[in-house]
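Shown here: input_24.pdb, PDB, C-alpha atoms, pLDDT in the B column.
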ATOM      1  CA  MET A   1     -27.900   1.066  16.416  1.00 58.00           C
ATOM      2  CA  LEU A   2     -24.590   2.302  15.055  1.00 57.00           C
ATOM      3  CA  ALA A   3     -23.319  -1.271  14.697  1.00 55.00           C
ATOM      4  CA  ALA A   4     -26.498  -2.276  12.854  1.00 53.00           C
ATOM      5  CA  VAL A   5     -26.208   0.659  10.439  1.00 50.00           C
ATOM      6  CA  LEU A   6     -22.555  -0.119   9.688  1.00 50.00           C
ATOM      7  CA  PHE A   7     -23.396  -3.775   9.091  1.00 50.00           C
ATOM      8  CA  LEU A   8     -26.163  -2.895   6.618  1.00 49.00           C
ATOM      9  CA  LEU A   9     -23.931  -0.471   4.728  1.00 50.00           C
ATOM     10  CA  SER A  10     -21.147  -3.047   4.476  1.00 50.00           C
ATOM     11  CA  SER A  11     -23.560  -5.609   2.986  1.00 54.00           C
ATOM     12  CA  CYS A  12     -24.752  -3.433   0.086  1.00 61.00           C
ATOM     13  CA  ILE A  13     -23.913  -5.123  -3.250  1.00 63.00           C
ATOM     14  CA  THR A  14     -25.315  -3.801  -6.544  1.00 72.00           C
ATOM     15  CA  PRO A  15     -25.916  -5.855  -9.753  1.00 69.00           C
ATOM     16  CA  LYS A  16     -23.309  -3.759 -11.569  1.00 74.00           C
ATOM     17  CA  LYS A  17     -20.658  -5.168  -9.276  1.00 75.00           C
ATOM     18  CA  ILE A  18     -21.450  -8.838  -9.813  1.00 74.00           C
ATOM     19  CA  ASN A  19     -23.377  -9.500 -13.083  1.00 80.00           C
ATOM     20  CA  TYR A  20     -21.432 -11.322 -15.805  1.00 78.00           C
ATOM     21  CA  LEU A  21     -20.807 -10.010 -19.350  1.00 80.00           C
ATOM     22  CA  GLN A  22     -22.729  -6.787 -18.832  1.00 82.00           C
ATOM     23  CA  ASP A  23     -21.681  -5.244 -22.161  1.00 77.00           C
ATOM     24  CA  MET A  24     -22.701  -8.142 -24.409  1.00 79.00           C
ATOM     25  CA  VAL A  25     -25.360  -7.343 -27.025  1.00 80.00           C
ATOM     26  CA  ALA A  26     -27.913 -10.000 -27.927  1.00 81.00           C
ATOM     27  CA  ASP A  27     -27.390 -11.774 -31.285  1.00 76.00           C
ATOM     28  CA  VAL A  28     -24.100  -9.968 -31.945  1.00 77.00           C
ATOM     29  CA  GLY A  29     -21.113 -12.267 -32.443  1.00 74.00           C
ATOM     30  CA  ILE A  30     -17.720 -11.684 -30.838  1.00 74.00           C
ATOM     31  CA  PRO A  31     -14.656 -12.929 -32.801  1.00 70.00           C
ATOM     32  CA  LEU A  32     -12.549 -15.364 -30.809  1.00 67.00           C
ATOM     33  CA  ASN A  33      -8.835 -15.993 -30.753  1.00 63.00           C
ATOM     34  CA  GLU A  34      -7.345 -18.911 -32.656  1.00 60.00           C
ATOM     35  CA  LYS A  35      -8.071 -22.431 -31.487  1.00 62.00           C
ATOM     36  CA  PHE A  36      -6.141 -23.331 -28.377  1.00 71.00           C
ATOM     37  CA  GLU A  37      -4.354 -26.607 -27.756  1.00 78.00           C
ATOM     38  CA  ALA A  38      -2.582 -27.343 -24.501  1.00 84.00           C
ATOM     39  CA  VAL A  39       1.148 -27.945 -24.842  1.00 87.00           C
ATOM     40  CA  ILE A  40       3.180 -30.409 -22.848  1.00 92.00           C
ATOM     41  CA  VAL A  41       5.277 -28.974 -20.020  1.00 88.00           C
ATOM     42  CA  PRO A  42       7.575 -30.515 -17.386  1.00 89.00           C
ATOM     43  CA  TYR A  43       5.810 -32.555 -14.693  1.00 89.00           C
ATOM     44  CA  ASP A  44       2.854 -33.328 -16.953  1.00 91.00           C
ATOM     45  CA  GLU A  45       1.560 -36.881 -16.822  1.00 91.00           C
ATOM     46  CA  LEU A  46       0.693 -38.455 -20.168  1.00 93.00           C
ATOM     47  CA  THR A  47      -1.168 -41.589 -21.139  1.00 91.00           C
ATOM     48  CA  ILE A  48       0.280 -43.064 -24.361  1.00 93.00           C
ATOM     49  CA  ARG A  49      -1.189 -46.113 -26.082  1.00 91.00           C
ATOM     50  CA  VAL A  50      -0.014 -47.732 -29.317  1.00 91.00           C
ATOM     51  CA  TYR A  51      -2.285 -49.773 -31.596  1.00 88.00           C
ATOM     52  CA  ASN A  52      -1.436 -51.642 -34.789  1.00 80.00           C
ATOM     53  CA  ASN A  53      -3.905 -50.408 -37.373  1.00 74.00           C
ATOM     54  CA  GLY A  54      -5.625 -53.107 -39.441  1.00 62.00           C
ATOM     55  CA  THR A  55      -4.244 -56.124 -37.545  1.00 60.00           C
ATOM     56  CA  ASP A  56      -4.919 -57.891 -34.287  1.00 55.00           C
ATOM     57  CA  ASP A  57      -1.327 -58.875 -33.591  1.00 66.00           C
ATOM     58  CA  SER A  58      -0.916 -58.034 -29.901  1.00 74.00           C
ATOM     59  CA  GLU A  59       2.680 -59.323 -29.906  1.00 79.00           C
ATOM     60  CA  LEU A  60       3.793 -56.470 -32.172  1.00 81.00           C
ATOM     61  CA  ILE A  61       2.417 -53.724 -29.976  1.00 85.00           C
ATOM     62  CA  ALA A  62       3.075 -55.376 -26.601  1.00 86.00           C
ATOM     63  CA  PRO A  63       6.612 -53.903 -26.182  1.00 86.00           C
ATOM     64  CA  PHE A  64       5.166 -50.371 -26.517  1.00 87.00           C
ATOM     65  CA  ASN A  65       2.418 -50.943 -23.951  1.00 85.00           C
ATOM     66  CA  VAL A  66       4.336 -52.942 -21.361  1.00 70.00           C
ATOM     67  CA  MET A  67       2.926 -51.369 -18.182  1.00 58.00           C
ATOM     68  CA  SER A  68      -0.506 -50.990 -19.718  1.00 43.00           C
ATOM     69  CA  GLY A  69      -0.531 -54.653 -20.704  1.00 39.00           C
ATOM     70  CA  ARG A  70       0.281 -55.656 -17.149  1.00 42.00           C
ATOM     71  CA  ALA A  71      -2.506 -53.442 -15.836  1.00 39.00           C
ATOM     72  CA  GLU A  72      -5.018 -54.999 -18.221  1.00 40.00           C
ATOM     73  CA  ASN A  73      -3.945 -58.515 -17.222  1.00 40.00           C
ATOM     74  CA  ASN A  74      -4.641 -57.571 -13.617  1.00 38.00           C
ATOM     75  CA  ASN A  75      -8.177 -56.540 -14.589  1.00 34.00           C
ATOM     76  CA  THR A  76      -7.679 -52.878 -13.696  1.00 36.00           C
ATOM     77  CA  ASN A  77      -8.387 -49.702 -15.632  1.00 40.00           C
ATOM     78  CA  GLN A  78      -4.946 -48.223 -15.006  1.00 45.00           C
ATOM     79  CA  SER A  79      -3.262 -46.834 -18.119  1.00 52.00           C
ATOM     80  CA  LEU A  80       0.378 -46.462 -18.949  1.00 60.00           C
ATOM     81  CA  GLY A  81       1.559 -43.147 -17.553  1.00 83.00           C
ATOM     82  CA  TYR A  82       4.637 -41.123 -18.467  1.00 93.00           C
ATOM     83  CA  LEU A  83       5.890 -38.312 -16.270  1.00 92.00           C
ATOM     84  CA  VAL A  84       7.585 -35.496 -18.173  1.00 94.00           C
ATOM     85  CA  ASP A  85      10.848 -34.745 -16.380  1.00 94.00           C
ATOM     86  CA  VAL A  86      12.298 -31.334 -15.569  1.00 92.00           C
ATOM     87  CA  ASN A  87      14.072 -31.258 -18.954  1.00 93.00           C
ATOM     88  CA  GLY A  88      10.854 -31.963 -20.848  1.00 94.00           C
ATOM     89  CA  ASN A  89      11.657 -35.601 -21.681  1.00 96.00           C
ATOM     90  CA  ILE A  90       9.976 -38.979 -21.317  1.00 95.00           C
ATOM     91  CA  VAL A  91      11.456 -42.464 -21.701  1.00 94.00           C
ATOM     92  CA  PHE A  92       9.367 -44.489 -24.134  1.00 94.00           C
ATOM     93  CA  PRO A  93       9.769 -48.268 -24.600  1.00 91.00           C
ATOM     94  CA  ILE A  94      12.082 -49.255 -27.482  1.00 91.00           C
ATOM     95  CA  LEU A  95      12.347 -45.642 -28.732  1.00 93.00           C
ATOM     96  CA  GLY A  96      14.199 -44.420 -25.641  1.00 93.00           C
ATOM     97  CA  GLU A  97      14.277 -40.826 -24.449  1.00 95.00           C
ATOM     98  CA  LEU A  98      11.980 -38.415 -26.300  1.00 96.00           C
ATOM     99  CA  HIS A  99      11.873 -34.642 -25.900  1.00 97.00           C
ATOM    100  CA  VAL A 100       8.182 -33.744 -25.714  1.00 96.00           C
ATOM    101  CA  GLU A 101       8.094 -30.313 -24.079  1.00 94.00           C
ATOM    102  CA  GLY A 102       6.295 -27.728 -26.202  1.00 91.00           C
ATOM    103  CA  MET A 103       4.373 -30.297 -28.275  1.00 94.00           C
ATOM    104  CA  THR A 104       0.617 -30.638 -28.317  1.00 91.00           C
ATOM    105  CA  ARG A 105      -0.739 -34.119 -27.762  1.00 91.00           C
ATOM    106  CA  LEU A 106      -1.581 -34.412 -31.485  1.00 93.00           C
ATOM    107  CA  GLN A 107       1.965 -33.432 -32.449  1.00 96.00           C
ATOM    108  CA  LEU A 108       3.352 -36.048 -30.066  1.00 96.00           C
ATOM    109  CA  GLN A 109       1.033 -38.677 -31.545  1.00 96.00           C
ATOM    110  CA  ASP A 110       2.380 -37.925 -35.036  1.00 96.00           C
ATOM    111  CA  HIS A 111       5.971 -37.822 -33.772  1.00 97.00           C
ATOM    112  CA  ILE A 112       5.797 -41.245 -32.100  1.00 96.00           C
ATOM    113  CA  LYS A 113       4.007 -42.726 -35.114  1.00 95.00           C
ATOM    114  CA  LYS A 114       6.764 -41.465 -37.432  1.00 95.00           C
ATOM    115  CA  LEU A 115       9.480 -42.902 -35.200  1.00 96.00           C
ATOM    116  CA  LEU A 116       7.751 -46.280 -35.109  1.00 93.00           C
ATOM    117  CA  VAL A 117       7.365 -46.394 -38.897  1.00 93.00           C
ATOM    118  CA  ASP A 118      10.813 -45.008 -39.738  1.00 94.00           C
ATOM    119  CA  GLY A 119      12.414 -47.433 -37.286  1.00 92.00           C
ATOM    120  CA  GLY A 120      10.663 -50.396 -38.881  1.00 90.00           C
ATOM    121  CA  HIS A 121       8.836 -51.314 -35.670  1.00 89.00           C
ATOM    122  CA  LEU A 122       5.277 -51.057 -37.016  1.00 89.00           C
ATOM    123  CA  ASN A 123       3.917 -50.504 -40.512  1.00 87.00           C
ATOM    124  CA  ASP A 124       0.744 -48.543 -39.773  1.00 87.00           C
ATOM    125  CA  PRO A 125       0.441 -47.762 -36.054  1.00 90.00           C
ATOM    126  CA  LEU A 126      -2.195 -45.725 -34.288  1.00 91.00           C
ATOM    127  CA  VAL A 127      -0.963 -43.676 -31.332  1.00 93.00           C
ATOM    128  CA  SER A 128      -3.168 -42.131 -28.658  1.00 92.00           C
ATOM    129  CA  VAL A 129      -1.855 -39.459 -26.263  1.00 93.00           C
ATOM    130  CA  ARG A 130      -3.911 -37.985 -23.443  1.00 91.00           C
ATOM    131  CA  PHE A 131      -3.168 -35.681 -20.510  1.00 91.00           C
ATOM    132  CA  ARG A 132      -3.674 -37.326 -17.145  1.00 88.00           C
ATOM    133  CA  ASN A 133      -3.204 -34.234 -15.004  1.00 84.00           C
ATOM    134  CA  PHE A 134      -5.214 -31.439 -16.632  1.00 89.00           C
ATOM    135  CA  LYS A 135      -6.215 -29.686 -13.439  1.00 90.00           C
ATOM    136  CA  ILE A 136      -7.311 -26.157 -12.569  1.00 92.00           C
ATOM    137  CA  PHE A 137      -6.841 -24.907  -8.999  1.00 93.00           C
ATOM    138  CA  PHE A 138      -8.909 -22.362  -7.074  1.00 90.00           C
ATOM    139  CA  LEU A 139      -7.751 -20.249  -4.158  1.00 88.00           C
ATOM    140  CA  SER A 140     -10.097 -17.877  -2.355  1.00 82.00           C
ATOM    141  CA  HIS A 141     -10.366 -16.254   1.054  1.00 77.00           C
ATOM    142  CA  SER A 142     -12.781 -19.019   2.089  1.00 75.00           C
ATOM    143  CA  GLY A 143     -10.807 -22.056   0.884  1.00 78.00           C
ATOM    144  CA  GLY A 144      -9.544 -23.957  -2.164  1.00 85.00           C
ATOM    145  CA  LYS A 145     -10.727 -26.437  -4.785  1.00 88.00           C
ATOM    146  CA  VAL A 146      -9.265 -28.613  -7.560  1.00 90.00           C
ATOM    147  CA  LEU A 147     -11.008 -29.182 -10.913  1.00 89.00           C
ATOM    148  CA  ASN A 148     -10.144 -32.240 -12.988  1.00 89.00           C
ATOM    149  CA  ILE A 149     -10.694 -31.367 -16.659  1.00 87.00           C
ATOM    150  CA  THR A 150     -11.443 -34.461 -18.726  1.00 82.00           C
ATOM    151  CA  ASN A 151     -11.672 -32.968 -22.226  1.00 79.00           C
ATOM    152  CA  GLU A 152      -8.327 -31.095 -22.082  1.00 78.00           C
ATOM    153  CA  ARG A 153     -10.013 -27.786 -22.823  1.00 83.00           C
ATOM    154  CA  CYS A 154     -11.374 -25.348 -20.274  1.00 88.00           C
ATOM    155  CA  THR A 155     -12.285 -21.687 -20.632  1.00 90.00           C
ATOM    156  CA  PHE A 156     -12.121 -19.101 -17.889  1.00 92.00           C
ATOM    157  CA  LEU A 157     -15.924 -18.941 -17.614  1.00 91.00           C
ATOM    158  CA  GLU A 158     -16.274 -22.738 -17.585  1.00 90.00           C
ATOM    159  CA  ALA A 159     -13.806 -22.952 -14.715  1.00 91.00           C
ATOM    160  CA  LEU A 160     -15.708 -20.317 -12.746  1.00 89.00           C
ATOM    161  CA  ALA A 161     -18.955 -22.222 -13.313  1.00 87.00           C
ATOM    162  CA  GLN A 162     -17.480 -25.542 -12.193  1.00 85.00           C
ATOM    163  CA  GLY A 163     -15.599 -24.093  -9.277  1.00 76.00           C
ATOM    164  CA  SER A 164     -18.403 -21.855  -7.964  1.00 68.00           C
ATOM    165  CA  ALA A 165     -15.615 -19.563  -6.846  1.00 59.00           C
ATOM    166  CA  LEU A 166     -17.336 -16.184  -7.242  1.00 75.00           C
ATOM    167  CA  GLY A 167     -19.666 -15.564  -4.362  1.00 75.00           C
ATOM    168  CA  MET A 168     -21.758 -12.476  -3.745  1.00 76.00           C
ATOM    169  CA  TYR A 169     -18.847 -10.685  -2.067  1.00 77.00           C
ATOM    170  CA  THR A 170     -16.087 -11.681  -4.529  1.00 84.00           C
ATOM    171  CA  ARG A 171     -14.477  -8.876  -6.521  1.00 86.00           C
ATOM    172  CA  ARG A 172     -15.064  -9.399 -10.247  1.00 86.00           C
ATOM    173  CA  ASP A 173     -12.398  -6.891 -11.319  1.00 86.00           C
ATOM    174  CA  LYS A 174      -9.626  -8.801  -9.548  1.00 85.00           C
ATOM    175  CA  VAL A 175      -9.998 -12.442 -10.611  1.00 93.00           C
ATOM    176  CA  GLY A 176      -6.416 -13.567 -11.154  1.00 94.00           C
ATOM    177  CA  VAL A 177      -5.097 -16.430 -13.265  1.00 95.00           C
ATOM    178  CA  MET A 178      -1.615 -17.514 -12.165  1.00 95.00           C
ATOM    179  CA  ARG A 179       0.509 -19.432 -14.667  1.00 92.00           C
ATOM    180  CA  GLU A 180       4.117 -20.382 -15.281  1.00 86.00           C
ATOM    181  CA  VAL A 181       5.402 -18.580 -18.382  1.00 84.00           C
ATOM    182  CA  ASN A 182       8.975 -19.139 -19.605  1.00 80.00           C
ATOM    183  CA  GLY A 183      10.146 -20.225 -16.182  1.00 81.00           C
ATOM    184  CA  ASN A 184       8.450 -17.326 -14.376  1.00 89.00           C
ATOM    185  CA  MET A 185       5.235 -17.403 -12.355  1.00 92.00           C
ATOM    186  CA  VAL A 186       2.952 -14.585 -13.504  1.00 95.00           C
ATOM    187  CA  ILE A 187      -0.532 -13.490 -12.460  1.00 95.00           C
ATOM    188  CA  HIS A 188      -2.987 -11.960 -14.897  1.00 95.00           C
ATOM    189  CA  TYR A 189      -6.233 -10.290 -13.796  1.00 95.00           C
ATOM    190  CA  MET A 190      -9.505 -10.716 -15.669  1.00 93.00           C
ATOM    191  CA  ASP A 191     -12.989  -9.248 -15.246  1.00 92.00           C
ATOM    192  CA  PRO A 192     -15.883 -11.599 -16.152  1.00 91.00           C
ATOM    193  CA  ARG A 193     -18.277  -8.644 -16.222  1.00 91.00           C
ATOM    194  CA  SER A 194     -16.774  -7.600 -19.567  1.00 90.00           C
ATOM    195  CA  SER A 195     -16.923  -9.419 -22.922  1.00 89.00           C
ATOM    196  CA  ASP A 196     -13.277  -8.421 -23.465  1.00 89.00           C
ATOM    197  CA  ILE A 197     -12.307 -11.654 -21.724  1.00 90.00           C
ATOM    198  CA  PHE A 198     -13.168 -13.638 -24.885  1.00 89.00           C
ATOM    199  CA  ASN A 199     -10.061 -12.262 -26.583  1.00 87.00           C
ATOM    200  CA  ASP A 200      -7.852 -12.337 -23.524  1.00 89.00           C
ATOM    201  CA  GLU A 201      -4.797 -14.582 -23.923  1.00 87.00           C
ATOM    202  CA  PHE A 202      -5.659 -16.248 -20.600  1.00 91.00           C
ATOM    203  CA  PHE A 203      -9.307 -16.959 -21.491  1.00 91.00           C
ATOM    204  CA  LEU A 204      -8.467 -20.508 -22.552  1.00 89.00           C
ATOM    205  CA  LEU A 205      -6.841 -22.028 -19.501  1.00 91.00           C
ATOM    206  CA  GLN A 206      -3.830 -24.312 -19.432  1.00 89.00           C
ATOM    207  CA  GLN A 207      -3.177 -27.289 -17.209  1.00 88.00           C
ATOM    208  CA  ASN A 208      -2.181 -26.374 -13.644  1.00 90.00           C
ATOM    209  CA  ASP A 209      -3.433 -22.787 -13.905  1.00 93.00           C
ATOM    210  CA  ILE A 210      -4.401 -21.298 -10.536  1.00 94.00           C
ATOM    211  CA  ILE A 211      -7.435 -19.013 -10.254  1.00 94.00           C
ATOM    212  CA  ILE A 212      -7.168 -16.604  -7.326  1.00 92.00           C
ATOM    213  CA  THR A 213     -10.114 -14.558  -6.080  1.00 90.00           C
ATOM    214  CA  ARG A 214     -10.379 -11.902  -3.435  1.00 86.00           C
ATOM    215  CA  PRO A 215     -13.401 -10.453  -1.602  1.00 83.00           C
ATOM    216  CA  PHE A 216     -14.449  -6.856  -1.210  1.00 73.00           C
ATOM    217  CA  GLY A 217     -12.729  -5.191   1.735  1.00 63.00           C
ATOM    218  CA  ARG A 218     -16.094  -4.808   3.454  1.00 54.00           C
ATOM    219  CA  VAL A 219     -16.190  -8.571   3.941  1.00 50.00           C
ATOM    220  CA  TYR A 220     -13.312  -8.372   6.387  1.00 48.00           C
ATOM    221  CA  PHE A 221     -14.991  -5.428   8.090  1.00 47.00           C
ATOM    222  CA  ARG A 222     -18.256  -7.372   8.345  1.00 55.00           C
ATOM    223  CA  GLU A 223     -16.476 -10.402   9.770  1.00 54.00           C
ATOM    224  CA  ALA A 224     -14.552  -8.233  12.223  1.00 52.00           C
ATOM    225  CA  LEU A 225     -17.786  -6.539  13.213  1.00 54.00           C
ATOM    226  CA  SER A 226     -19.404  -9.932  13.710  1.00 58.00           C
ATOM    227  CA  ASN A 227     -16.474 -11.115  15.833  1.00 57.00           C
ATOM    228  CA  TRP A 228     -16.733  -8.035  18.028  1.00 53.00           C
ATOM    229  CA  GLY A 229     -20.512  -8.184  18.219  1.00 59.00           C
ATOM    230  CA  TRP A 230     -20.414  -9.621  21.718  1.00 59.00           C
ATOM    231  CA  VAL A 231     -18.341  -6.642  22.848  1.00 63.00           C
ATOM    232  CA  VAL A 232     -20.896  -4.229  21.380  1.00 64.00           C
ATOM    233  CA  SER A 233     -23.683  -6.154  23.114  1.00 70.00           C
ATOM    234  CA  LEU A 234     -21.805  -6.112  26.413  1.00 71.00           C
ATOM    235  CA  VAL A 235     -21.093  -2.375  26.215  1.00 74.00           C
ATOM    236  CA  THR A 236     -24.718  -1.698  25.292  1.00 77.00           C
ATOM    237  CA  SER A 237     -25.944  -3.766  28.234  1.00 77.00           C
ATOM    238  CA  ILE A 238     -23.566  -2.072  30.672  1.00 83.00           C
ATOM    239  CA  SER A 239     -24.537   1.365  29.333  1.00 81.00           C
ATOM    240  CA  SER A 240     -28.238   0.577  29.701  1.00 81.00           C
ATOM    241  CA  LEU A 241     -27.677  -0.682  33.237  1.00 81.00           C
ATOM    242  CA  ALA A 242     -25.648   2.396  34.089  1.00 81.00           C
ATOM    243  CA  LEU A 243     -28.396   4.681  32.788  1.00 84.00           C
ATOM    244  CA  LEU A 244     -30.976   2.827  34.839  1.00 82.00           C
ATOM    245  CA  VAL A 245     -28.826   3.152  37.964  1.00 79.00           C
ATOM    246  CA  LEU A 246     -28.234   6.859  37.361  1.00 81.00           C
ATOM    247  CA  ASN A 247     -31.919   7.399  36.757  1.00 80.00           C
ATOM    248  CA  TRP A 248     -32.769   5.583  40.014  1.00 78.00           C
ATOM    249  CA  ILE A 249     -30.197   7.659  41.939  1.00 80.00           C
ATOM    250  CA  GLU A 250     -31.665  10.889  40.540  1.00 78.00           C
ATOM    251  CA  ARG A 251     -35.147   9.880  41.511  1.00 78.00           C
ATOM    252  CA  THR A 252     -33.947   8.897  45.010  1.00 78.00           C
ATOM    253  CA  LYS A 253     -32.368  12.322  45.505  1.00 74.00           C
ATOM    254  CA  LYS A 254     -35.583  14.067  44.439  1.00 70.00           C
ATOM    255  CA  ASP A 255     -37.626  11.965  46.840  1.00 64.00           C
TER
END
Any chance you could put this one into structure tokens?
Amino acid sequence: MLAAVLFLLSSCITPKKINYLQDMVADVGIPLNEKFEAVIVPYDELTIRVYNNGTDDSELIAPFNVMSGRAENNNTNQSLGYLVDVNGNIVFPILGELHVEGMTRLQLQDHIKKLLVDGGHLNDPLVSVRFRNFKIFFLSHSGGKVLNITNERCTFLEALAQGSALGMYTRRDKVGVMREVNGNMVIHYMDPRSSDIFNDEFFLLQQNDIIITRPFGRVYFREALSNWGWVVSLVTSISSLALLVLNWIERTKKD
């Protein structure tokens, strides 16, 4: 009976502990921070394609899409990928080494276009840059998961929805976002029960962010109680048997 009571108490979860955005008022807008654009960091993988605007001269653009051209000739969908090295550089055909760390993809598009025009390589090029490795990682007490973000923009709430990371027994006040900032790994805690997250600097996630969740302490107690349930059952059985034996002995003495 005691074990059952403790188990029921440990399982008690109220809506106040788990409901999202509890302080939001209907039809009342919340100002958001400025528009976020992911910036390029070391170890990012980029897809870069060059097109010659207004012409169909593949020979002009071929040197800038060497690997991509080979992939297309092999009838695959593989795109030309560039790995940003530890110093924040890539090596681009013809143009050589380019420092790209800290740029957004749109800034890099403009930068490569300017280099191509100023260098007399192409008159009116179109440049497309995309992230190939925009991923968000989840870590929880029950396992892990990786989210591949295709549109290069992911909010904290969107990641939670896709990852299904917050179960009934997950603490909402201790949802951490771990990120590398200026060469240091930092963790920042957010609470999705409050609308304050919309103006949190970590609300718009960056590539390779890690979301870390933790359960209520009672979860470990419940699991420990479950693991020791057989011991409780055994002790209860032995106690019941002992009481029956003692009761039989008492009755025998009276007889």
Atom pair CA of Gln22 (chain A) / CA of Arg171 (chain A): separation (Å):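 About the pair CA of Gln22 (chain A) and CA of Arg171 (chain A): they are 15.0 Å apart.
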Closest of A:Val245, A:Leu46, A:Ala161, A:Ile210 to Asn89 (chain A), counting only C-alpha atoms, is A:Leu46
Tell me which protein, DNA and RNA residues are within 6 Å of region 141-156 of chain A, counting all atoms listed in the file, leaving out same-chain ones fewer than 3 positions away, and put them as an MDAnalysis selection string. chainID A and resid 134:138 159 203:205
Restricting to all atoms listed in the file, whichever of A:Leu139, A:Met168, A:Val50, A:Met185 is closest to Thr213 (chain A) is A:Leu139
_Need to verify the contact set: Met178 (chain A), 10 Å, all atoms listed in the file, exclusion of same-chain residues closer than 2 positions in sequence. Can you return it as a ChimeraX atom specification?_
/A:137,175-176,180-181,185-189,202,208-212
Find the axis-aligned box for region 155-170 of chain A, covering all its listed atoms and adding 3 Å on each side, and write its centre and edge lengths in Å to one decimal as AutoDock Vina command-line options.
--center_x -16.9 --center_y -18.1 --center_z -11.3 --size_x 15.6 --size_y 20.9 --size_z 24.6
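Note that the spacing between CA of Asp44 (chain A) and CA of Met190 (chain A) amounts to 25.8 Å.
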- Would you list the contacts of Ser194 (chain A) as a PyMOL selection string, taking every protein, DNA or RNA residue within 12 Å and counting all atoms listed in the file, but skipping same-chain residues closer than 6 positions in sequence? chain A and resi 16-25+157+172-173+200
- prompt: For the atom pair CA of Val39 (chain A) and CA of Pro93 (chain A), what is the interatomic distance in Å to one decimal place?
  reply: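 Computing it gives 22.1 Å between the two atoms.
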If you count only C-alpha atoms, the residue of A:Arg214, A:His111, A:Arg105, A:His121 closest to Tyr169 (chain A) turns out to be A:Arg214
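The nearest approach to Gln206 (chain A) among the residues A:Phe131, A:Ser233, A:Gly29, A:Phe92, with all atoms listed in the file taken into account, belongs to A:Phe131.
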